[in-house]
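Q: entry_21.cif (mmCIF, C-alpha atoms) pasted underneath:
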data_upload
#
loop_
_atom_site.label_atom_id
_atom_site.label_comp_id
_atom_site.auth_asym_id
_atom_site.auth_seq_id
_atom_site.Cartn_x
_atom_site.Cartn_y
_atom_site.Cartn_z
CA VAL A 260 -138.60 -68.83 -98.99
CA HIS A 261 -139.58 -69.91 -95.51
CA ASN A 262 -140.79 -66.98 -93.48
CA MET A 263 -142.02 -67.24 -89.93
CA THR A 264 -144.75 -64.66 -90.49
CA ASP A 265 -146.32 -66.81 -93.23
CA TYR A 266 -147.80 -69.26 -90.79
CA SER A 267 -146.49 -68.83 -87.28
CA TYR A 268 -146.27 -65.21 -86.21
CA ILE A 269 -144.94 -65.01 -82.65
CA LEU A 270 -147.12 -62.73 -80.56
CA ARG A 271 -145.05 -59.79 -79.30
CA GLU A 272 -145.40 -58.55 -75.74
CA CYS A 273 -145.44 -54.91 -76.85
CA GLU A 274 -148.27 -55.52 -79.30
CA GLN A 275 -151.09 -54.45 -76.96
CA ASN A 276 -149.31 -51.14 -76.31
CA PHE A 277 -149.00 -50.54 -80.05
CA ILE A 278 -152.70 -51.28 -80.59
CA LYS A 279 -153.53 -48.67 -77.91
CA GLU A 280 -151.40 -46.16 -79.86
CA ILE A 281 -153.19 -46.74 -83.18
CA GLU A 282 -156.59 -46.62 -81.50
CA VAL A 283 -156.03 -43.14 -80.03
CA GLN A 284 -158.88 -40.87 -81.09
CA GLY A 285 -158.76 -37.11 -81.48
CA GLN A 286 -158.50 -34.48 -84.13
CA ASN A 287 -154.75 -33.84 -84.34
CA ARG A 288 -153.03 -37.12 -83.56
CA ASP A 289 -149.32 -37.54 -82.98
CA VAL A 290 -147.52 -39.35 -85.79
CA ILE A 291 -146.35 -42.73 -84.45
CA LEU A 292 -142.65 -43.31 -85.17
CA VAL A 293 -141.80 -47.01 -84.88
CA GLU A 294 -138.08 -47.50 -84.34
CA GLY A 295 -135.89 -50.53 -83.90
CA ALA A 296 -132.76 -52.08 -85.37
CA ARG A 297 -133.21 -53.86 -88.68
CA GLN A 298 -134.54 -57.44 -88.38
CA THR A 299 -136.24 -56.95 -84.99
CA GLY A 300 -139.67 -57.72 -86.47
CA LYS A 301 -141.21 -54.23 -86.79
CA THR A 302 -142.95 -54.83 -90.13
CA SER A 303 -144.29 -58.27 -89.10
CA MET A 304 -145.74 -56.93 -85.86
CA ILE A 305 -147.43 -53.93 -87.44
CA LYS A 306 -148.87 -56.06 -90.24
CA HIS A 307 -150.25 -58.41 -87.60
CA CYS A 308 -151.80 -55.51 -85.68
CA CYS A 309 -153.43 -54.16 -88.86
CA VAL A 310 -155.23 -57.38 -89.83
CA GLY A 311 -158.90 -56.44 -89.94
CA ARG A 312 -158.15 -52.70 -89.73
CA SER A 313 -158.56 -50.45 -92.73
CA HIS A 314 -155.13 -49.20 -93.77
CA VAL A 315 -152.88 -48.13 -96.65
CA TRP A 316 -149.36 -49.61 -96.61
CA ILE A 317 -146.53 -47.98 -98.56
CA ASP A 318 -143.02 -49.47 -98.58
CA LEU A 319 -140.54 -46.87 -99.82
CA GLN A 320 -137.80 -49.45 -100.34
CA LYS A 321 -139.94 -51.52 -102.71
CA ASP A 322 -142.04 -48.77 -104.30
CA LYS A 323 -139.25 -46.78 -105.95
CA SER A 324 -141.55 -44.89 -108.33
CA PHE A 325 -143.65 -43.57 -105.43
CA LEU A 326 -140.46 -42.65 -103.55
CA LYS A 327 -139.22 -40.71 -106.59
CA SER A 328 -142.53 -38.82 -106.88
CA LEU A 329 -142.55 -38.12 -103.13
CA ASP A 330 -139.05 -36.65 -103.27
CA GLU A 331 -140.08 -34.44 -106.19
CA THR A 332 -142.93 -32.82 -104.19
CA ASP A 333 -142.37 -29.20 -103.14
CA SER A 334 -145.08 -28.85 -100.49
CA PHE A 335 -147.21 -30.80 -98.04
CA GLU A 336 -150.30 -30.09 -100.19
CA GLU A 337 -148.55 -31.70 -103.16
CA PHE A 338 -147.67 -34.73 -101.01
CA THR A 339 -151.33 -35.03 -99.92
CA ASP A 340 -152.45 -34.91 -103.57
CA LEU A 341 -149.81 -37.50 -104.52
CA LEU A 342 -151.26 -39.91 -101.92
CA LEU A 343 -154.73 -39.43 -103.43
CA ALA A 344 -153.55 -39.83 -107.03
CA LYS A 345 -151.21 -42.80 -106.55
CA LYS A 346 -152.61 -44.60 -103.50
CA SER A 347 -156.30 -43.51 -103.38
CA PHE A 348 -155.61 -42.27 -99.86
CA SER A 349 -157.34 -39.24 -98.44
CA PRO A 350 -156.86 -38.22 -94.79
CA GLY A 351 -159.70 -38.41 -92.24
CA GLN A 352 -161.48 -41.40 -93.80
CA ASN A 353 -160.73 -43.85 -90.99
CA LYS A 354 -157.80 -45.52 -92.76
CA ILE A 355 -154.43 -45.85 -91.05
CA LEU A 356 -151.57 -44.58 -93.23
CA ILE A 357 -148.43 -46.71 -92.78
CA ILE A 358 -145.16 -45.81 -94.49
CA ASP A 359 -142.44 -48.47 -94.16
CA GLU A 360 -138.72 -47.68 -94.63
CA ALA A 361 -139.75 -44.05 -94.18
CA GLN A 362 -136.13 -42.92 -93.84
CA GLU A 363 -135.54 -43.61 -97.56
CA SER A 364 -137.27 -40.32 -98.43
CA GLN A 365 -135.44 -36.99 -98.45
CA ASN A 366 -138.69 -35.03 -98.01
CA LEU A 367 -140.92 -37.05 -95.70
CA GLY A 368 -139.33 -35.89 -92.42
CA GLY A 369 -140.21 -32.29 -93.30
CA TYR A 370 -143.91 -33.21 -93.65
CA VAL A 371 -144.34 -34.94 -90.26
CA ARG A 372 -145.43 -31.83 -88.34
CA SER A 373 -148.08 -31.03 -90.97
CA MET A 374 -149.45 -34.60 -90.81
CA LYS A 375 -150.42 -33.87 -87.23
CA GLU A 376 -151.51 -30.26 -87.64
CA ASP A 377 -153.25 -30.33 -91.05
CA TRP A 378 -154.84 -33.79 -91.19
CA ASP A 379 -157.89 -34.14 -88.94
CA ASN A 380 -158.74 -37.51 -87.37
CA GLN A 381 -155.87 -39.32 -89.06
CA THR A 382 -153.56 -42.03 -87.66
CA VAL A 383 -150.14 -42.15 -89.31
CA VAL A 384 -147.44 -44.76 -88.61
CA LEU A 385 -143.90 -44.27 -89.95
CA LEU A 386 -141.42 -47.08 -89.48
CA GLY A 387 -137.92 -48.02 -90.49
CA SER A 388 -134.64 -49.30 -89.13
CA LEU A 389 -132.59 -46.14 -89.62
CA MET A 390 -135.21 -43.63 -88.48
CA ALA A 391 -132.65 -41.07 -87.34
CA ARG A 392 -132.15 -40.39 -91.08
CA LEU A 393 -135.78 -39.30 -91.47
CA PHE A 394 -134.97 -35.84 -90.10
CA ARG A 395 -131.94 -34.75 -92.07
CA LYS A 396 -130.65 -31.82 -94.07
CA GLY A 397 -131.76 -29.12 -91.70
CA VAL A 398 -135.14 -30.72 -90.90
CA LYS A 399 -135.85 -30.08 -87.23
CA PHE A 400 -137.14 -32.97 -85.14
CA PRO A 401 -140.88 -32.20 -84.82
CA VAL A 402 -141.10 -32.05 -81.02
CA GLY A 403 -144.70 -32.36 -79.83
CA SER A 404 -145.89 -33.94 -83.09
CA VAL A 405 -144.57 -37.49 -82.76
CA ARG A 406 -144.90 -40.45 -80.44
CA PRO A 407 -141.87 -42.77 -80.58
CA PHE A 408 -142.53 -46.50 -80.24
CA LYS A 409 -139.54 -48.83 -79.92
CA ILE A 410 -139.37 -52.48 -80.89
CA TYR A 411 -136.55 -54.66 -79.57
CA PRO A 412 -135.48 -58.25 -80.35
CA PHE A 413 -137.44 -61.14 -78.77
CA THR A 414 -137.44 -61.24 -74.99
CA PHE A 415 -136.78 -64.57 -73.30
CA ARG A 416 -140.53 -65.17 -72.98
CA GLU A 417 -140.99 -64.50 -76.70
CA PHE A 418 -138.12 -66.91 -77.37
CA LEU A 419 -139.98 -69.59 -75.35
CA ARG A 420 -143.16 -68.80 -77.28
CA ALA A 421 -141.30 -69.31 -80.57
CA LYS A 422 -140.04 -72.67 -79.27
CA GLN A 423 -143.65 -73.53 -78.34
CA GLU A 424 -142.73 -74.17 -74.71
CA LYS A 425 -146.34 -73.55 -73.65
CA SER A 426 -146.23 -75.37 -70.30
CA LEU A 427 -143.01 -73.63 -69.27
CA LEU A 428 -144.50 -70.26 -70.25
CA VAL A 429 -147.44 -70.93 -67.94
CA LYS A 430 -145.04 -71.85 -65.11
CA LEU A 431 -143.04 -68.69 -65.78
CA SER A 432 -146.14 -66.49 -65.78
CA GLN A 433 -146.96 -67.84 -62.29
CA TRP A 434 -143.42 -67.22 -60.98
CA LYS A 435 -143.10 -65.13 -57.79
CA ALA A 436 -140.02 -64.37 -55.68
CA GLU A 437 -141.80 -65.87 -52.66
CA ALA A 438 -142.90 -68.96 -54.67
CA PRO A 439 -140.02 -69.80 -57.05
CA LEU A 440 -139.81 -72.73 -59.47
CA THR A 441 -138.66 -76.14 -58.24
CA ALA A 442 -134.94 -76.93 -58.61
CA VAL A 443 -135.50 -79.17 -61.65
CA LEU A 444 -137.57 -76.55 -63.54
CA HIS A 445 -135.14 -73.83 -62.50
CA GLU A 446 -132.30 -75.79 -64.10
CA LYS A 447 -134.38 -76.34 -67.25
CA MET A 448 -135.08 -72.58 -67.51
CA LEU A 449 -131.38 -71.75 -67.10
CA THR A 450 -130.56 -74.23 -69.92
CA LEU A 451 -133.09 -72.54 -72.20
CA PHE A 452 -131.78 -69.11 -71.19
CA ASP A 453 -128.30 -70.32 -72.18
CA GLN A 454 -129.66 -71.16 -75.66
CA TYR A 455 -131.25 -67.72 -75.84
CA LEU A 456 -127.93 -66.02 -74.96
CA LYS A 457 -126.37 -67.66 -78.01
CA THR A 458 -129.12 -67.35 -80.63
CA GLY A 459 -130.34 -63.93 -79.46
CA GLY A 460 -133.79 -62.60 -80.25
CA LEU A 461 -133.84 -61.62 -83.93
CA PRO A 462 -137.07 -63.28 -85.17
CA ASP A 463 -135.59 -64.81 -88.36
CA VAL A 464 -132.67 -66.29 -86.43
CA VAL A 465 -134.95 -67.76 -83.75
CA SER A 466 -137.27 -69.17 -86.42
CA THR A 467 -134.28 -70.81 -88.17
CA PHE A 468 -133.07 -72.21 -84.82
CA VAL A 469 -136.52 -73.62 -83.97
CA ASP A 470 -136.69 -75.27 -87.41
CA GLN A 471 -133.28 -76.87 -86.69
CA ARG A 472 -131.69 -75.19 -89.69
CA ASP A 473 -128.39 -73.27 -89.81
CA TRP A 474 -129.24 -70.38 -87.50
CA GLN A 475 -125.59 -69.32 -87.16
CA LYS A 476 -125.34 -68.76 -90.90
CA LYS A 477 -128.54 -66.66 -90.74
CA LEU A 478 -127.13 -64.68 -87.81
CA HIS A 479 -123.88 -63.99 -89.69
CA SER A 480 -125.73 -62.81 -92.77
CA ILE A 481 -127.83 -60.39 -90.68
CA ALA A 482 -124.69 -59.11 -88.90
CA TRP A 483 -123.02 -58.35 -92.23
CA GLY A 484 -126.28 -56.74 -93.35
CA TYR A 485 -125.75 -54.15 -90.58
CA VAL A 486 -122.27 -53.46 -91.95
CA GLU A 487 -123.81 -53.05 -95.44
CA ASP A 488 -126.35 -50.57 -93.98
CA PHE A 489 -123.45 -48.57 -92.60
CA LYS A 490 -121.66 -48.57 -95.97
CA ARG A 491 -124.83 -47.38 -97.69
CA VAL A 492 -125.34 -44.51 -95.26
CA GLU A 493 -121.79 -43.50 -94.36
CA GLY A 494 -119.66 -44.84 -97.22
CA GLU A 495 -117.24 -47.73 -97.62
CA GLU A 496 -114.09 -46.32 -96.05
CA ASN A 497 -115.07 -46.59 -92.36
CA SER A 498 -116.99 -49.88 -92.44
CA GLY A 499 -114.04 -51.71 -90.87
CA LEU A 500 -114.14 -49.25 -87.99
CA PHE A 501 -117.91 -49.81 -87.60
CA GLU A 502 -117.26 -53.57 -87.23
CA HIS A 503 -114.41 -52.94 -84.81
CA VAL A 504 -116.64 -50.74 -82.60
CA LEU A 505 -119.32 -53.47 -82.38
CA LYS A 506 -116.65 -56.02 -81.51
CA ARG A 507 -115.06 -53.89 -78.78
CA ILE A 508 -118.44 -53.13 -77.20
CA ALA A 509 -119.27 -56.87 -77.27
CA GLN A 510 -115.94 -57.60 -75.53
CA THR A 511 -116.26 -54.93 -72.81
CA LEU A 512 -119.95 -55.14 -71.82
CA GLY A 513 -120.66 -53.76 -68.38
CA SER A 514 -117.27 -52.06 -67.97
CA PRO A 515 -116.89 -48.28 -68.11
CA SER A 516 -116.45 -47.60 -71.81
CA LYS A 517 -114.04 -44.76 -72.61
CA LEU A 518 -113.41 -43.88 -76.24
CA SER A 519 -109.84 -45.14 -75.74
CA THR A 520 -111.25 -48.53 -74.61
CA ILE A 521 -112.66 -48.88 -78.14
CA VAL A 522 -109.88 -47.29 -80.23
CA GLN A 523 -106.43 -46.13 -79.11
CA PRO A 524 -106.16 -42.30 -79.26
CA HIS A 525 -103.23 -42.41 -81.72
CA GLN A 526 -105.13 -44.60 -84.20
CA PRO A 527 -106.82 -42.93 -87.20
CA GLY A 528 -110.39 -43.99 -86.30
CA TYR A 529 -110.32 -42.36 -82.86
CA ARG A 530 -111.74 -38.97 -83.88
CA LEU A 531 -114.58 -40.65 -85.83
CA LEU A 532 -115.71 -42.65 -82.78
CA PRO A 533 -118.27 -40.16 -81.35
CA SER A 534 -120.19 -40.03 -84.64
CA ILE A 535 -120.15 -43.84 -85.10
CA LEU A 536 -121.30 -44.39 -81.51
CA SER A 537 -124.12 -41.88 -81.82
CA LEU A 538 -125.18 -43.57 -85.07
CA LEU A 539 -125.26 -46.99 -83.35
CA GLU A 540 -127.29 -45.50 -80.50
CA SER A 541 -129.76 -43.85 -82.89
CA TRP A 542 -130.14 -47.18 -84.74
CA LEU A 543 -130.92 -48.77 -81.32
CA MET A 544 -128.01 -51.22 -81.74
CA VAL A 545 -126.00 -49.87 -78.79
CA HIS A 546 -127.44 -48.76 -75.45
CA LYS A 547 -125.49 -46.23 -73.39
CA VAL A 548 -125.99 -46.18 -69.61
CA PRO A 549 -124.47 -43.19 -67.77
CA VAL A 550 -122.78 -43.67 -64.39
CA GLU A 551 -124.06 -41.42 -61.60
CA THR A 552 -122.73 -40.90 -58.08
CA THR A 553 -124.25 -39.34 -54.97
CA ASP A 554 -121.49 -36.75 -55.26
CA LEU A 555 -122.89 -34.48 -57.97
CA THR A 556 -119.47 -33.08 -58.88
CA GLN A 557 -118.29 -36.56 -59.98
CA GLY A 558 -121.25 -37.32 -62.29
CA GLY A 559 -119.89 -36.72 -65.79
CA ARG A 560 -116.34 -37.82 -65.02
CA ILE A 561 -116.98 -41.55 -64.99
CA PRO A 562 -117.30 -42.99 -68.51
CA PRO A 563 -120.67 -44.57 -69.39
CA LYS A 564 -121.28 -48.29 -69.85
CA ARG A 565 -122.30 -49.59 -73.26
CA TYR A 566 -124.35 -52.65 -74.15
CA LEU A 567 -125.51 -54.40 -77.35
CA PHE A 568 -129.12 -54.75 -78.49
CA ASP A 569 -129.03 -58.49 -79.25
CA HIS A 570 -127.31 -61.48 -77.63
CA GLY A 571 -126.84 -63.28 -80.95
CA ILE A 572 -124.99 -60.33 -82.50
CA ARG A 573 -122.89 -60.13 -79.33
CA HIS A 574 -122.17 -63.87 -79.63
CA ILE A 575 -120.81 -63.35 -83.17
CA PHE A 576 -118.43 -60.59 -82.11
CA SER A 577 -117.50 -62.08 -78.72
CA PRO A 578 -118.73 -65.64 -78.12
CA LEU A 579 -119.50 -67.15 -74.69
CA GLN A 580 -117.21 -70.18 -74.57
CA SER A 581 -118.91 -72.14 -71.77
CA SER A 582 -122.49 -72.86 -70.82
CA LEU A 583 -124.38 -70.50 -68.53
CA TYR A 584 -124.67 -73.18 -65.85
CA GLU A 585 -120.92 -73.90 -65.83
CA LEU A 586 -120.07 -70.20 -65.62
CA LEU A 587 -122.57 -69.55 -62.82
CA LYS A 588 -120.98 -72.35 -60.80
CA ASP A 589 -117.44 -71.07 -61.35
CA ARG A 590 -117.07 -67.48 -60.18
CA GLN A 591 -113.28 -67.87 -60.49
CA ALA A 592 -113.43 -68.54 -64.25
CA LEU A 593 -110.90 -66.61 -66.35
CA ASN A 594 -113.52 -64.79 -68.40
CA PHE A 595 -115.77 -64.13 -65.44
CA THR A 596 -115.78 -60.31 -65.76
CA PHE A 597 -116.88 -60.61 -69.39
CA PHE A 598 -119.59 -63.10 -68.37
CA GLY A 599 -120.85 -60.65 -65.72
CA GLY A 600 -121.19 -58.01 -68.46
CA VAL A 601 -123.10 -60.46 -70.68
CA MET A 602 -125.60 -61.08 -67.87
CA GLU A 603 -125.99 -57.33 -67.22
CA ASN A 604 -126.68 -56.94 -70.94
CA ALA A 605 -129.30 -59.70 -70.77
CA VAL A 606 -131.09 -57.97 -67.89
CA LEU A 607 -130.93 -54.55 -69.56
CA ASN A 608 -132.44 -55.92 -72.79
CA GLU A 609 -135.34 -57.48 -70.85
CA LEU A 610 -135.97 -54.19 -69.02
CA LEU A 611 -135.87 -52.16 -72.26
CA ALA A 612 -138.44 -54.48 -73.81
CA ARG A 613 -140.67 -53.83 -70.80
CA GLY A 614 -140.74 -50.15 -71.76
CA ILE A 615 -138.22 -48.73 -69.27
CA GLU A 616 -136.22 -46.09 -71.11
CA LYS A 617 -134.33 -44.16 -68.44
CA PHE A 618 -131.37 -45.88 -66.81
CA ALA A 619 -128.27 -44.95 -64.89
CA CYS A 620 -125.60 -47.01 -63.19
CA TRP A 621 -125.38 -45.83 -59.55
CA ARG A 622 -122.15 -45.50 -57.61
CA GLU A 623 -121.80 -44.43 -54.01
CA LYS A 624 -118.67 -42.46 -54.98
CA THR A 625 -116.17 -42.60 -57.83
CA ASN A 626 -114.68 -45.90 -56.62
CA GLY A 627 -117.45 -46.90 -54.21
CA SER A 628 -119.98 -49.72 -54.30
CA GLU A 629 -122.10 -49.87 -57.42
CA VAL A 630 -125.59 -50.90 -58.49
CA ASP A 631 -125.89 -51.79 -62.18
CA PHE A 632 -129.19 -50.12 -63.09
CA LEU A 633 -131.24 -47.42 -61.47
CA CYS A 634 -134.45 -47.58 -63.53
CA GLN A 635 -137.04 -44.83 -63.86
CA THR A 636 -140.39 -46.67 -63.74
CA ARG A 637 -143.93 -45.28 -63.77
CA ASN A 638 -143.84 -45.33 -59.96
CA GLY A 639 -140.41 -43.92 -59.25
CA LEU A 640 -136.92 -45.38 -59.12
CA LEU A 641 -136.16 -49.10 -59.01
CA PRO A 642 -132.55 -50.20 -58.36
CA VAL A 643 -131.56 -53.46 -60.10
CA GLU A 644 -128.30 -55.28 -59.31
CA VAL A 645 -127.00 -58.20 -61.41
CA LYS A 646 -124.88 -60.97 -59.87
CA SER A 647 -123.56 -63.86 -61.94
CA SER A 648 -123.84 -66.57 -59.32
CA LEU A 649 -125.96 -69.67 -58.67
CA ARG A 650 -126.21 -68.97 -54.94
CA THR A 651 -127.33 -65.81 -53.22
CA ASN A 652 -124.61 -64.49 -50.98
CA GLN A 653 -125.72 -62.15 -48.17
CA LYS A 654 -123.03 -59.66 -49.28
CA PHE A 655 -124.83 -59.26 -52.62
CA PHE A 656 -127.56 -57.26 -50.88
CA SER A 657 -125.25 -54.61 -49.39
CA SER A 658 -124.83 -52.24 -52.36
CA LEU A 659 -128.58 -52.48 -53.07
CA HIS A 660 -129.31 -51.57 -49.46
CA LYS A 661 -126.97 -48.56 -49.76
CA VAL A 662 -128.72 -47.25 -52.86
CA LEU A 663 -132.15 -47.78 -51.26
CA VAL A 664 -131.06 -45.68 -48.29
CA ALA A 665 -129.43 -43.02 -50.52
CA THR A 666 -132.45 -42.64 -52.83
CA GLY A 667 -135.21 -43.23 -50.28
CA CYS A 668 -136.62 -46.11 -52.37
CA GLU A 669 -138.37 -48.96 -50.56
CA ARG A 670 -137.70 -51.79 -53.00
CA GLY A 671 -134.75 -53.19 -54.94
CA VAL A 672 -134.16 -56.18 -57.19
CA LEU A 673 -131.21 -58.57 -57.24
CA VAL A 674 -131.01 -60.63 -60.45
CA SER A 675 -128.88 -63.78 -60.26
CA GLY A 676 -128.80 -67.49 -61.08
CA ASP A 677 -130.62 -68.42 -57.86
CA ARG A 678 -134.28 -69.49 -57.79
CA GLY A 679 -135.82 -66.48 -56.00
CA ARG A 680 -136.49 -65.14 -52.50
CA VAL A 681 -137.55 -61.99 -50.64
CA GLU A 682 -135.12 -60.33 -48.25
CA LYS A 683 -136.21 -57.69 -45.70
CA ILE A 684 -133.56 -55.31 -44.34
CA GLY A 685 -135.22 -52.91 -41.92
CA ASN A 686 -138.01 -51.22 -43.85
CA LYS A 687 -136.43 -52.08 -47.23
CA THR A 688 -137.44 -55.04 -49.42
CA ILE A 689 -135.07 -56.73 -51.85
CA GLU A 690 -136.39 -59.38 -54.25
CA GLN A 691 -133.90 -61.89 -55.63
CA ILE A 692 -135.08 -63.09 -59.04
CA PRO A 693 -133.48 -65.45 -61.60
CA PHE A 694 -132.31 -64.16 -65.01
CA TYR A 695 -135.17 -65.85 -66.84
CA ALA A 696 -137.83 -64.09 -64.72
CA VAL A 697 -136.91 -60.42 -65.36
CA GLY A 698 -139.85 -60.25 -67.76
CA CYS A 699 -142.17 -61.14 -64.83
CA LEU A 700 -141.05 -58.13 -62.78
CA ASP A 701 -143.95 -56.12 -61.47
CA PHE A 702 -143.30 -52.38 -61.87
CA VAL A 703 -146.50 -51.29 -60.13
#
Let me see whether you can do it: turn the structure in this file into structure tokens.
A:
Amino acid sequence: VHNMTDYSYILRECEQNFIKEIEVQGQNRDVILVEGARQTGKTSMIKHCCVGRSHVWIDLQKDKSFLKSLDETDSFEEFTDLLLAKKSFSPGQNKILIIDEAQESQNLGGYVRSMKEDWDNQTVVLLGSLMARLFRKGVKFPVGSVRPFKIYPFTFREFLRAKQEKSLLVKLSQWKAEAPLTAVLHEKMLTLFDQYLKTGGLPDVVSTFVDQRDWQKKLHSIAWGYVEDFKRVEGEENSGLFEHVLKRIAQTLGSPSKLSTIVQPHQPGYRLLPSILSLLESWLMVHKVPVETTDLTQGGRIPPKRYLFDHGIRHIFSPLQSSLYELLKDRQALNFTFFGGVMENAVLNELLARGIEKFACWREKTNGSEVDFLCQTRNGLLPVEVKSSLRTNQKFFSSLHKVLVATGCERGVLVSGDRGRVEKIGNKTIEQIPFYAVGCLDFV
């Protein structure tokens, strides 16, 4: 079976951050919880990071006999002895302990706090695609004992790396709002970004696309794999509803997403929606962005926006019919609102991969002007507005300027199909950047 990791692992942008996590020294180390939807490349990345590092790798999905023994243990001491007996692992001997598909165990979640408190000088990595299941059956989430680490699908730059577009990657790394790409390279980047919006960033799909094999078939099989995951965890009877929820979110990206937008209140699935949505959020397949206004009394009344974790999965449930370039040129297109939501989703996914975790959509008042994302960065708030247009219209800057004044921020970002520029309005700075350059954004 062809597997990209056999010979051509694509270097992940979050890899250096993960290496910093596993190199943390100290007596009682937080347990690293690696999360991410299935098929986002968690196992491949961690294996790549552990080359040349002493480690013990246990896969609970493959090693059923170890899983059975683990779930028969009655205490943390017994678990520690089991590791010694079955895996020759003893804590504190400078070996990283990695447990893959950790959520398969009934008992493991209950031992996480003790891994930090009772094992001196030990690095532990737990990973899996349904990690919310690790802490179940009355097991409290071990606050203060874990360090979550999230892995998302390929960013656009990782997509280019997979396609071996080395020269374009160099050009992109040198991109600045005040020194944008030439028109011909800009058009080339938008064409590649259009490809990316259809294939998405799941490593196996991208690898199949690069090899000019049937990537759509691969994408479909992964999509139905998610439905199978749901059946395994929640049972057969609501799997149709699970599919329907993914489809409705794909169709309504960027619009306020009430429960009744997804399922009509009189339909039988309506009351199950909150639990399915929270499951999708905990599996990192759906991202919820709350809407906030300057009027604090209005805050919770506006429904949140919801987005999907991968463009390819979105393309299965709600395909983009035209090319990115055609749609950017035609702001009057029939499906323009949907296209605007797709581009918001693209920007959000790039920002998430850059490590930004706190977002809100900002509105001046309930029906006032809106800025798509107010991001909490290391150095304060950064407003980001998304406009699906090839040209930068002066009006596009107005809602950004309003939020800059309202929040006291100095800098905002306008993402659109234009090449890039810097706009000064009084003492405020707004950078216009193209969709493909969100990964170049400087958060310092």
Q: Under the PyMOL selection byres ((chain A and resi 287-291) around 12), which residues of this model are included? Write them out as a PyMOL selection string.
A: chain A and resi 277-286+292-294+305+350-351+355-359+361+368+370-387+390+401-409
Q: Could those selected residues go to a file with C-alpha atoms, as a short mmCIF file (atom, residue, chain, number, x, y, z; two decimals), keeping the file's coordinate frame?
A:
data_model
loop_
_atom_site.label_atom_id
_atom_site.label_comp_id
_atom_site.auth_asym_id
_atom_site.auth_seq_id
_atom_site.Cartn_x
_atom_site.Cartn_y
_atom_site.Cartn_z
CA PHE A 277 -149.00 -50.54 -80.05
CA ILE A 278 -152.70 -51.28 -80.59
CA LYS A 279 -153.53 -48.67 -77.91
CA GLU A 280 -151.40 -46.16 -79.86
CA ILE A 281 -153.19 -46.74 -83.18
CA GLU A 282 -156.59 -46.62 -81.50
CA VAL A 283 -156.03 -43.14 -80.03
CA GLN A 284 -158.88 -40.87 -81.09
CA GLY A 285 -158.76 -37.11 -81.48
CA GLN A 286 -158.50 -34.48 -84.13
CA LEU A 292 -142.65 -43.31 -85.17
CA VAL A 293 -141.80 -47.01 -84.88
CA GLU A 294 -138.08 -47.50 -84.34
CA ILE A 305 -147.43 -53.93 -87.44
CA PRO A 350 -156.86 -38.22 -94.79
CA GLY A 351 -159.70 -38.41 -92.24
CA ILE A 355 -154.43 -45.85 -91.05
CA LEU A 356 -151.57 -44.58 -93.23
CA ILE A 357 -148.43 -46.71 -92.78
CA ILE A 358 -145.16 -45.81 -94.49
CA ASP A 359 -142.44 -48.47 -94.16
CA ALA A 361 -139.75 -44.05 -94.18
CA GLY A 368 -139.33 -35.89 -92.42
CA TYR A 370 -143.91 -33.21 -93.65
CA VAL A 371 -144.34 -34.94 -90.26
CA ARG A 372 -145.43 -31.83 -88.34
CA SER A 373 -148.08 -31.03 -90.97
CA MET A 374 -149.45 -34.60 -90.81
CA LYS A 375 -150.42 -33.87 -87.23
CA GLU A 376 -151.51 -30.26 -87.64
CA ASP A 377 -153.25 -30.33 -91.05
CA TRP A 378 -154.84 -33.79 -91.19
CA ASP A 379 -157.89 -34.14 -88.94
CA ASN A 380 -158.74 -37.51 -87.37
CA GLN A 381 -155.87 -39.32 -89.06
CA THR A 382 -153.56 -42.03 -87.66
CA VAL A 383 -150.14 -42.15 -89.31
CA VAL A 384 -147.44 -44.76 -88.61
CA LEU A 385 -143.90 -44.27 -89.95
CA LEU A 386 -141.42 -47.08 -89.48
CA GLY A 387 -137.92 -48.02 -90.49
CA MET A 390 -135.21 -43.63 -88.48
CA PRO A 401 -140.88 -32.20 -84.82
CA VAL A 402 -141.10 -32.05 -81.02
CA GLY A 403 -144.70 -32.36 -79.83
CA SER A 404 -145.89 -33.94 -83.09
CA VAL A 405 -144.57 -37.49 -82.76
CA ARG A 406 -144.90 -40.45 -80.44
CA PRO A 407 -141.87 -42.77 -80.58
CA PHE A 408 -142.53 -46.50 -80.24
CA LYS A 409 -139.54 -48.83 -79.92
#
Q: How would you write, as a PyMOL selection string, the residues chosen by the PyMOL selection byres ((chain A and resi 362) around 6) on this structure?
A: chain A and resi 360-361+363-364+390+392-393
Q: Select from region 367-475 of chain A every residue with an atom at most 10 Å from any atom of region 567-583 of chain A, then for each give the shortest pair of atoms and their distance in Å to one decimal, using all atoms listed in the file, rows by chain and rising number, as a Markdown table.
A:
| residue | atom | partner | partner_atom | distance |
| --- | --- | --- | --- | --- |
| A:Tyr411 | CA | A:Phe568 | CA | 7.5 |
| A:Pro412 | CA | A:Asp569 | CA | 6.5 |
| A:Phe413 | CA | A:Asp569 | CA | 8.8 |
| A:Thr414 | CA | A:Asp569 | CA | 9.8 |
| A:Leu449 | CA | A:Leu583 | CA | 7.3 |
| A:Thr450 | CA | A:Leu583 | CA | 7.4 |
| A:Leu451 | CA | A:Leu583 | CA | 9.7 |
| A:Phe452 | CA | A:Leu583 | CA | 8.0 |
| A:Asp453 | CA | A:Leu583 | CA | 5.4 |
| A:Gln454 | CA | A:Ser582 | CA | 8.8 |
| A:Tyr455 | CA | A:His570 | CA | 7.6 |
| A:Leu456 | CA | A:His570 | CA | 5.3 |
| A:Lys457 | CA | A:Gly571 | CA | 5.3 |
| A:Thr458 | CA | A:Gly571 | CA | 4.7 |
| A:Gly459 | CA | A:Gly571 | CA | 3.9 |
| A:Gly460 | CA | A:Asp569 | CA | 6.4 |
| A:Leu461 | CA | A:Asp569 | CA | 7.4 |
| A:Val464 | CA | A:Gly571 | CA | 8.5 |
| A:Val465 | CA | A:Gly571 | CA | 9.7 |
| A:Trp474 | CA | A:Gly571 | CA | 10.0 |
| A:Gln475 | CA | A:Ile575 | CA | 8.6 |
